[in-house]
Amino acid sequence: MRPTYEPSAEAYREKAQAFLAEKLPSNWSGIGSLEGAALEEFVAEWRQTLFEAGYLAPGWPVQYGGAGLSALEQVILAEEFARAGVPTGGPNDVFGIQMLGNTLLLMGTDEQKERYLPRILSGEDTWCQGYSEPNAGSDLGNLGLKAVRDGDQWILNGQKIWTSAGHLADHIFTLARTDPDAPKHKGISFLLVDMRQPGIDVRPIKMISGESEFNEVFYTDAVCPVDEVVGGLNNGWAVAMTLLGFERGEAAATAPIRFQAEVDRLVLLARERGLDRDPVIRQRIAQAYSKVQVMRYSGMRVLTQFLAGAHPGPDGAISKLFWSEYHLTVTELAVDILGAEAMVPSGRQPSSAFQTDDAGAPNSSASWVGTFLNARAGTIYAGSSQIQRNIIGEMVLGLPKEPRPA
């Protein structure tokens with residue numbers, strides 16, 4: 001692992017910086033400076049700009065609308081986007097591009113790639129993820145959504161929950177039980193389902209922050225063509241694990257940049273409140289800074305493996321556990337600095353319900369309190385902290401598995 005890139009990489013960094021300088025306003029200060037209609041308008045226009053440049057999926061082959069960039073070029077592009085405070089796509093693109101698209105490139109049929117990949121990038125199809133259920137959260141293999149074959153289609157009945165951005169999607173990739181007699185991890189298939197049908201009902205869930213980013217999805221005799229299975233019938237568990245690896249792909253490069261920007265903003269908040277010389281506050285800020293540096297070097301280790309051609313593996317649980325637990329403590333510190341003002345927050349709300357607020361966000365109490373509330377979910381979604389510790393212990397360190405009930 002090297003803490004810096006080779007000099008040859010800087011040529012592409014200059015190209016990425018030139019692209020940003022050309023496409024962004026001269027007074028650009030980050031997407032966090034926008035809100036409401038102005039924010040939505042910018043994200044839509046910026047997504048179209050990235051689509052036209054091939055930067056929505058920079059690592060995809062050109063034939064599918066990508067830019068065909070090398071692994072290192074993708075990392076540099078992601079870093080420069082994070083530093084500039086611009087998104088890498090629209091609100092559902094993490095599901096459609098980063099998760100489903102990359103999985104289709106690896107495990108989809110030629111017909112599935114040709115049909116879906118261009119439509120994902122153009123925005124014709126907007127995707128969400130159908131994994132968790134009321135009785136299948138941490139134990140995802142316990143899922144009960146049934147898919148029964150009827151001629152040339154599957155009939156689906158059951159429920160999904162915690163479906164992020166499901167209210168914005170028109171398609172859902174979903175895990176369903178296609179063989180009820182097989183062992184629980186063996187009878188699951190990965191299906192591509194059109195949500196624009198009477199058998200799909202999406203109901204938003206009110207979060208503690210007041211937002212409704214999560215949803216319940218109910219399937220009542222919903223249908224799916226039999227050829228919309230990815231990775232083979234009853235092989236859905238392997239496909240699902242592959243997809244979860246892609247979920248944490250570029251985060252190794254961009255998460256430390258976002259978290260460092262948040263710490264910088266936290267220092268300013270302490271100064272504004274006259275607490276920057278309080279010894280306890282200073283110690284807690286120093287602790288936050290040190291953890292971000294640990295995150296940075298850990299991310300570089302992951303990037304070293306990524307650039308060497310390794311696929312995402314179980315050690316991705318380390319970074320998920322580290323950043324989500326860290327974000328609890330740093331946002332608690334922000335609320336402590338705000339003091340009584342945190343009980344009646346005002347100003348701009350955070351534009352992101354996940355991880356940090358966006359670059360350029362003001363130090364409003366509403367931004368910090370909203371981020372504090374959202375951080376509570378970070379230790380649960382995409383695998384709870386308890387499950388991450390099990391993965392690290394059993395699959396990374398090789399420790400004995402926990403006893404299972406009969």
# chains A, B, ... in the order shown; residues from 1 in each chain; ligands from 1
$ select_by_dssp --residues "segment 206-364 of chain A" --states "helix (DSSP H, G or I)" --output "ChimeraX atom specification"
/A:236-247,251-272,279-307,316-343
$ residues_around --residues "Gly141 of chain A" --least-positions-apart "5" --cutoff "7 Å" --atoms "only C-alpha atoms" --output "ChimeraX atom specification"
/A:136,184-185
$ residues_around --residues "segment 223-226 of chain A" --least-positions-apart "6" --cutoff "9 Å" --atoms "only C-alpha atoms" --output "number ranges by chain"
A: 147, 149-156, 191-194, 197, 199
$ residues_around --residues "segment 35-37 of chain A" --least-positions-apart "3" --cutoff "8 Å" --atoms "only C-alpha atoms" --output "PyMOL selection string"
chain A and resi 32+40-41+348+351
$ atom_distance --atom1 "atom CA of Val94 of chain A" --atom2 "atom CA of Ala288 of chain A"
27.1 Å
$ closest_residue --among "A:Ile387, A:Ala11, A:Leu275, A:Leu72" --to "Asp139 of chain A" --atoms "only C-alpha atoms"
A:Ile387
$ closest_residue --among "A:Ser385, A:Gln293, A:Thr126, A:Asn363" --to "Leu328 of chain A" --atoms "only C-alpha atoms"
A:Ser385
$ residues_around --residues "Lys401 of chain A" --least-positions-apart "6" --cutoff "12 Å" --atoms "only C-alpha atoms" --output "PyMOL selection string"
chain A and resi 389-395
$ write_last_selection --atoms "C-alpha atoms" --output "CSV table (one decimal), in the first residue's frame"
chain,number,residue,atom,x,y,z
A,389,ARG,CA,-18.6,-8.4,13.5
A,390,ASN,CA,-19.7,-12.0,12.8
A,391,ILE,CA,-18.5,-11.7,9.2
A,392,ILE,CA,-15.2,-10.3,10.3
A,393,GLY,CA,-14.7,-13.0,13.0
A,394,GLU,CA,-15.8,-16.0,11.0
A,395,MET,CA,-14.9,-15.1,7.4
$ select_by_dssp --residues "segment 37-166 of chain A" --states "strand (DSSP E)" --output "list in words"
Trp127, Cys128, Gln129, Gly130, Lys146, Ala147, Val148, Arg149, Asp150, Gln153, Trp154, Ile155, Leu156, Asn157, Gly158, Gln159 and Lys160 of chain A
$ residues_around --residues "Ser8 of chain A" --least-positions-apart "4" --cutoff "12 Å" --atoms "only C-alpha atoms" --output "list in words"
Thr4, Tyr12, Arg13, Glu14, Leu72, Glu73 and Ile76 of chain A
$ residues_around --residues "segment 208-216 of chain A" --least-positions-apart "6" --cutoff "12 Å" --atoms "only C-alpha atoms" --output "PyMOL selection string"
chain A and resi 91-92+128-134+158-169+200-202+345+349-354+366-377+381
$ write_last_selection --atoms "N, CA and C atoms" --output "compact mmCIF listing (two decimals), in the first residue's frame"
# COMPACT_ATOMS: atom_id res chain seq x y z
N PRO A 91 -30.46 9.86 -7.34
CA PRO A 91 -30.72 9.24 -6.04
C PRO A 91 -30.82 7.72 -6.08
N ASN A 92 -31.18 7.11 -7.21
CA ASN A 92 -31.32 5.65 -7.28
C ASN A 92 -30.18 4.98 -8.03
N CYS A 128 -34.54 -0.14 -7.43
CA CYS A 128 -34.34 -0.21 -5.99
C CYS A 128 -34.06 -1.66 -5.64
N GLN A 129 -33.75 -1.90 -4.37
CA GLN A 129 -33.30 -3.22 -3.91
C GLN A 129 -34.35 -3.88 -3.03
N GLY A 130 -34.75 -5.10 -3.35
CA GLY A 130 -35.71 -5.85 -2.57
C GLY A 130 -35.08 -7.04 -1.88
N TYR A 131 -34.47 -6.78 -0.71
CA TYR A 131 -33.80 -7.85 0.04
C TYR A 131 -34.50 -8.13 1.37
N SER A 132 -34.43 -7.18 2.30
CA SER A 132 -34.90 -7.41 3.67
C SER A 132 -36.40 -7.64 3.73
N GLU A 133 -36.79 -8.44 4.72
CA GLU A 133 -38.20 -8.70 5.01
C GLU A 133 -38.40 -8.59 6.53
N PRO A 134 -39.66 -8.53 6.98
CA PRO A 134 -39.89 -8.44 8.43
C PRO A 134 -39.24 -9.57 9.22
N GLY A 158 -45.79 -11.79 -1.16
CA GLY A 158 -45.00 -11.58 0.05
C GLY A 158 -44.69 -10.12 0.25
N GLN A 159 -43.65 -9.84 1.02
CA GLN A 159 -43.35 -8.46 1.42
C GLN A 159 -41.85 -8.23 1.53
N LYS A 160 -41.42 -7.03 1.19
CA LYS A 160 -40.07 -6.54 1.47
C LYS A 160 -40.19 -5.29 2.35
N ILE A 161 -39.12 -4.99 3.08
CA ILE A 161 -39.15 -3.83 3.95
C ILE A 161 -37.79 -3.13 3.93
N TRP A 162 -37.76 -1.88 4.41
CA TRP A 162 -36.55 -1.05 4.40
C TRP A 162 -36.02 -0.88 2.98
N THR A 163 -36.92 -0.71 2.03
CA THR A 163 -36.52 -0.54 0.64
C THR A 163 -36.15 0.92 0.39
N SER A 164 -34.85 1.19 0.37
CA SER A 164 -34.36 2.56 0.21
C SER A 164 -34.76 3.11 -1.15
N ALA A 165 -35.31 4.33 -1.16
CA ALA A 165 -35.71 5.04 -2.38
C ALA A 165 -36.68 4.22 -3.25
N GLY A 166 -37.40 3.32 -2.62
CA GLY A 166 -38.37 2.51 -3.37
C GLY A 166 -39.51 3.33 -3.95
N HIS A 167 -39.80 4.47 -3.31
CA HIS A 167 -40.88 5.33 -3.79
C HIS A 167 -40.49 6.07 -5.07
N LEU A 168 -39.20 6.06 -5.41
CA LEU A 168 -38.72 6.74 -6.61
C LEU A 168 -38.48 5.78 -7.77
N ALA A 169 -38.60 4.47 -7.51
CA ALA A 169 -38.20 3.46 -8.50
C ALA A 169 -39.39 2.91 -9.28
N ILE A 200 -47.99 -4.61 -7.18
CA ILE A 200 -46.93 -4.02 -6.36
C ILE A 200 -47.49 -2.80 -5.63
N ASP A 201 -47.33 -2.78 -4.31
CA ASP A 201 -47.79 -1.66 -3.49
C ASP A 201 -46.62 -1.15 -2.65
N VAL A 202 -46.25 0.12 -2.82
CA VAL A 202 -45.13 0.73 -2.10
C VAL A 202 -45.69 1.68 -1.04
N PRO A 345 -33.86 22.60 16.44
CA PRO A 345 -32.97 22.88 15.30
C PRO A 345 -33.65 23.75 14.25
N GLN A 349 -32.02 21.62 6.22
CA GLN A 349 -31.96 20.21 6.54
C GLN A 349 -30.86 19.53 5.72
N PRO A 350 -30.32 18.40 6.18
CA PRO A 350 -29.31 17.70 5.38
C PRO A 350 -29.91 17.17 4.09
N SER A 351 -29.13 17.24 3.01
CA SER A 351 -29.63 16.76 1.72
C SER A 351 -29.39 15.28 1.55
N SER A 352 -28.66 14.66 2.46
CA SER A 352 -28.38 13.23 2.37
C SER A 352 -28.90 12.53 3.62
N ALA A 353 -29.62 11.44 3.42
CA ALA A 353 -30.10 10.64 4.55
C ALA A 353 -29.10 9.55 4.92
N PHE A 354 -27.96 9.52 4.24
CA PHE A 354 -26.97 8.48 4.46
C PHE A 354 -25.59 9.12 4.62
N ALA A 366 -30.07 22.38 12.07
CA ALA A 366 -30.92 21.37 11.44
C ALA A 366 -30.08 20.37 10.64
N SER A 367 -29.02 20.87 9.99
CA SER A 367 -28.14 19.97 9.23
C SER A 367 -27.47 18.97 10.15
N TRP A 368 -26.93 19.45 11.26
CA TRP A 368 -26.23 18.55 12.16
C TRP A 368 -27.18 17.60 12.88
N VAL A 369 -28.31 18.10 13.34
CA VAL A 369 -29.26 17.23 14.05
C VAL A 369 -29.83 16.18 13.10
N GLY A 370 -30.15 16.60 11.86
CA GLY A 370 -30.64 15.64 10.88
C GLY A 370 -29.62 14.55 10.58
N THR A 371 -28.34 14.94 10.46
CA THR A 371 -27.29 13.97 10.22
C THR A 371 -27.12 13.05 11.43
N PHE A 372 -27.24 13.62 12.63
CA PHE A 372 -27.18 12.82 13.86
C PHE A 372 -28.27 11.75 13.87
N LEU A 373 -29.49 12.14 13.52
CA LEU A 373 -30.59 11.18 13.52
C LEU A 373 -30.40 10.13 12.43
N ASN A 374 -29.94 10.54 11.25
CA ASN A 374 -29.71 9.58 10.17
C ASN A 374 -28.60 8.59 10.51
N ALA A 375 -27.62 9.05 11.29
CA ALA A 375 -26.49 8.18 11.63
C ALA A 375 -26.93 6.98 12.46
N ARG A 376 -28.07 7.10 13.17
CA ARG A 376 -28.55 5.95 13.94
C ARG A 376 -28.81 4.76 13.03
N ALA A 377 -29.27 5.02 11.81
CA ALA A 377 -29.60 3.93 10.89
C ALA A 377 -28.36 3.31 10.26
N TYR A 381 -28.58 -0.45 8.46
CA TYR A 381 -28.76 -0.75 7.03
C TYR A 381 -27.47 -1.30 6.42
$ atom_distance --atom1 "atom CA of Ala334 of chain A" --atom2 "atom CA of Arg258 of chain A"
15.9 Å
$ closest_residue --among "A:Leu20, A:Leu266, A:Leu143, A:Leu243" --to "Gln98 of chain A" --atoms "only C-alpha atoms"
A:Leu243
$ atom_distance --atom1 "atom CA of Lys186 of chain A" --atom2 "atom CA of Asn234 of chain A"
6.0 Å
$ closest_residue --among "A:Ser346, A:Ser29, A:Thr49, A:Ser298" --to "Arg83 of chain A" --atoms "only C-alpha atoms"
A:Ser29
$ decode --residues "segment 342-376 of chain A" --atoms "N, CA and C atoms" --output "PDB file, in the first residue's frame"
ATOM      1  N   ALA A 342     -29.866  22.163  19.890  1.00  0.00           N
ATOM      2  CA  ALA A 342     -30.162  20.907  19.202  1.00  0.00           C
ATOM      3  C   ALA A 342     -31.600  20.442  19.438  1.00  0.00           C
ATOM      4  N   MET A 343     -32.229  20.953  20.509  1.00  0.00           N
ATOM      5  CA  MET A 343     -33.610  20.551  20.796  1.00  0.00           C
ATOM      6  C   MET A 343     -34.607  21.283  19.916  1.00  0.00           C
ATOM      7  N   VAL A 344     -34.207  22.435  19.372  1.00  0.00           N
ATOM      8  CA  VAL A 344     -35.085  23.203  18.481  1.00  0.00           C
ATOM      9  C   VAL A 344     -34.281  23.591  17.230  1.00  0.00           C
ATOM     10  N   PRO A 345     -33.856  22.597  16.443  1.00  0.00           N
ATOM     11  CA  PRO A 345     -32.974  22.878  15.302  1.00  0.00           C
ATOM     12  C   PRO A 345     -33.654  23.745  14.251  1.00  0.00           C
ATOM     13  N   SER A 346     -32.851  24.553  13.584  1.00  0.00           N
ATOM     14  CA  SER A 346     -33.373  25.432  12.537  1.00  0.00           C
ATOM     15  C   SER A 346     -32.371  25.488  11.390  1.00  0.00           C
ATOM     16  N   GLY A 347     -32.832  26.028  10.265  1.00  0.00           N
ATOM     17  CA  GLY A 347     -31.956  26.169   9.105  1.00  0.00           C
ATOM     18  C   GLY A 347     -32.125  25.036   8.115  1.00  0.00           C
ATOM     19  N   ARG A 348     -31.158  24.900   7.249  1.00  0.00           N
ATOM     20  CA  ARG A 348     -31.226  23.929   6.157  1.00  0.00           C
ATOM     21  C   ARG A 348     -31.113  22.497   6.677  1.00  0.00           C
ATOM     22  N   GLN A 349     -32.016  21.622   6.220  1.00  0.00           N
ATOM     23  CA  GLN A 349     -31.959  20.206   6.543  1.00  0.00           C
ATOM     24  C   GLN A 349     -30.864  19.532   5.720  1.00  0.00           C
ATOM     25  N   PRO A 350     -30.317  18.395   6.181  1.00  0.00           N
ATOM     26  CA  PRO A 350     -29.306  17.696   5.383  1.00  0.00           C
ATOM     27  C   PRO A 350     -29.905  17.174   4.089  1.00  0.00           C
ATOM     28  N   SER A 351     -29.135  17.237   3.010  1.00  0.00           N
ATOM     29  CA  SER A 351     -29.633  16.760   1.720  1.00  0.00           C
ATOM     30  C   SER A 351     -29.390  15.275   1.546  1.00  0.00           C
ATOM     31  N   SER A 352     -28.663  14.659   2.459  1.00  0.00           N
ATOM     32  CA  SER A 352     -28.383  13.228   2.374  1.00  0.00           C
ATOM     33  C   SER A 352     -28.899  12.532   3.620  1.00  0.00           C
ATOM     34  N   ALA A 353     -29.617  11.435   3.423  1.00  0.00           N
ATOM     35  CA  ALA A 353     -30.100  10.643   4.555  1.00  0.00           C
ATOM     36  C   ALA A 353     -29.105   9.550   4.918  1.00  0.00           C
ATOM     37  N   PHE A 354     -27.962   9.522   4.236  1.00  0.00           N
ATOM     38  CA  PHE A 354     -26.972   8.482   4.458  1.00  0.00           C
ATOM     39  C   PHE A 354     -25.590   9.123   4.618  1.00  0.00           C
ATOM     40  N   GLN A 355     -24.835   8.642   5.567  1.00  0.00           N
ATOM     41  CA  GLN A 355     -23.491   9.156   5.873  1.00  0.00           C
ATOM     42  C   GLN A 355     -23.520  10.652   6.184  1.00  0.00           C
ATOM     43  N   THR A 356     -22.631  11.450   5.582  1.00  0.00           N
ATOM     44  CA  THR A 356     -22.516  12.855   5.949  1.00  0.00           C
ATOM     45  C   THR A 356     -23.472  13.716   5.133  1.00  0.00           C
ATOM     46  N   ASP A 357     -23.614  14.973   5.579  1.00  0.00           N
ATOM     47  CA  ASP A 357     -24.295  15.944   4.716  1.00  0.00           C
ATOM     48  C   ASP A 357     -23.352  16.257   3.553  1.00  0.00           C
ATOM     49  N   ASP A 358     -23.878  16.877   2.504  1.00  0.00           N
ATOM     50  CA  ASP A 358     -23.091  17.105   1.306  1.00  0.00           C
ATOM     51  C   ASP A 358     -22.113  18.259   1.461  1.00  0.00           C
ATOM     52  N   ALA A 359     -21.088  18.245   0.626  1.00  0.00           N
ATOM     53  CA  ALA A 359     -20.060  19.290   0.640  1.00  0.00           C
ATOM     54  C   ALA A 359     -20.691  20.650   0.406  1.00  0.00           C
ATOM     55  N   GLY A 360     -20.239  21.641   1.173  1.00  0.00           N
ATOM     56  CA  GLY A 360     -20.770  22.993   1.045  1.00  0.00           C
ATOM     57  C   GLY A 360     -21.963  23.279   1.932  1.00  0.00           C
ATOM     58  N   ALA A 361     -22.396  22.273   2.708  1.00  0.00           N
ATOM     59  CA  ALA A 361     -23.552  22.487   3.586  1.00  0.00           C
ATOM     60  C   ALA A 361     -23.210  23.501   4.680  1.00  0.00           C
ATOM     61  N   PRO A 362     -24.149  24.337   5.052  1.00  0.00           N
ATOM     62  CA  PRO A 362     -23.905  25.307   6.119  1.00  0.00           C
ATOM     63  C   PRO A 362     -23.910  24.618   7.478  1.00  0.00           C
ATOM     64  N   ASN A 363     -23.368  25.292   8.482  1.00  0.00           N
ATOM     65  CA  ASN A 363     -23.353  24.749   9.834  1.00  0.00           C
ATOM     66  C   ASN A 363     -24.656  25.045  10.568  1.00  0.00           C
ATOM     67  N   SER A 364     -25.767  24.746   9.930  1.00  0.00           N
ATOM     68  CA  SER A 364     -27.058  24.957  10.583  1.00  0.00           C
ATOM     69  C   SER A 364     -27.301  23.841  11.588  1.00  0.00           C
ATOM     70  N   SER A 365     -28.028  24.166  12.644  1.00  0.00           N
ATOM     71  CA  SER A 365     -28.332  23.138  13.637  1.00  0.00           C
ATOM     72  C   SER A 365     -29.200  22.036  13.037  1.00  0.00           C
ATOM     73  N   ALA A 366     -30.066  22.378  12.073  1.00  0.00           N
ATOM     74  CA  ALA A 366     -30.917  21.366  11.443  1.00  0.00           C
ATOM     75  C   ALA A 366     -30.081  20.373  10.642  1.00  0.00           C
ATOM     76  N   SER A 367     -29.021  20.868   9.988  1.00  0.00           N
ATOM     77  CA  SER A 367     -28.145  19.974   9.233  1.00  0.00           C
ATOM     78  C   SER A 367     -27.473  18.969  10.147  1.00  0.00           C
ATOM     79  N   TRP A 368     -26.933  19.452  11.261  1.00  0.00           N
ATOM     80  CA  TRP A 368     -26.233  18.549  12.165  1.00  0.00           C
ATOM     81  C   TRP A 368     -27.180  17.597  12.885  1.00  0.00           C
ATOM     82  N   VAL A 369     -28.311  18.097  13.343  1.00  0.00           N
ATOM     83  CA  VAL A 369     -29.255  17.225  14.053  1.00  0.00           C
ATOM     84  C   VAL A 369     -29.832  16.183  13.098  1.00  0.00           C
ATOM     85  N   GLY A 370     -30.151  16.596  11.859  1.00  0.00           N
ATOM     86  CA  GLY A 370     -30.644  15.635  10.882  1.00  0.00           C
ATOM     87  C   GLY A 370     -29.625  14.554  10.581  1.00  0.00           C
ATOM     88  N   THR A 371     -28.342  14.942  10.461  1.00  0.00           N
ATOM     89  CA  THR A 371     -27.289  13.968  10.220  1.00  0.00           C
ATOM     90  C   THR A 371     -27.117  13.046  11.426  1.00  0.00           C
ATOM     91  N   PHE A 372     -27.238  13.617  12.626  1.00  0.00           N
ATOM     92  CA  PHE A 372     -27.180  12.824  13.859  1.00  0.00           C
ATOM     93  C   PHE A 372     -28.268  11.754  13.870  1.00  0.00           C
ATOM     94  N   LEU A 373     -29.487  12.137  13.521  1.00  0.00           N
ATOM     95  CA  LEU A 373     -30.592  11.180  13.518  1.00  0.00           C
ATOM     96  C   LEU A 373     -30.397  10.125  12.433  1.00  0.00           C
ATOM     97  N   ASN A 374     -29.942  10.538  11.252  1.00  0.00           N
ATOM     98  CA  ASN A 374     -29.709   9.581  10.166  1.00  0.00           C
ATOM     99  C   ASN A 374     -28.603   8.594  10.509  1.00  0.00           C
ATOM    100  N   ALA A 375     -27.617   9.051  11.285  1.00  0.00           N
ATOM    101  CA  ALA A 375     -26.492   8.181  11.633  1.00  0.00           C
ATOM    102  C   ALA A 375     -26.933   6.977  12.459  1.00  0.00           C
ATOM    103  N   ARG A 376     -28.067   7.097  13.168  1.00  0.00           N
ATOM    104  CA  ARG A 376     -28.553   5.952  13.944  1.00  0.00           C
ATOM    105  C   ARG A 376     -28.805   4.756  13.034  1.00  0.00           C
TER     106      ARG A 376
END
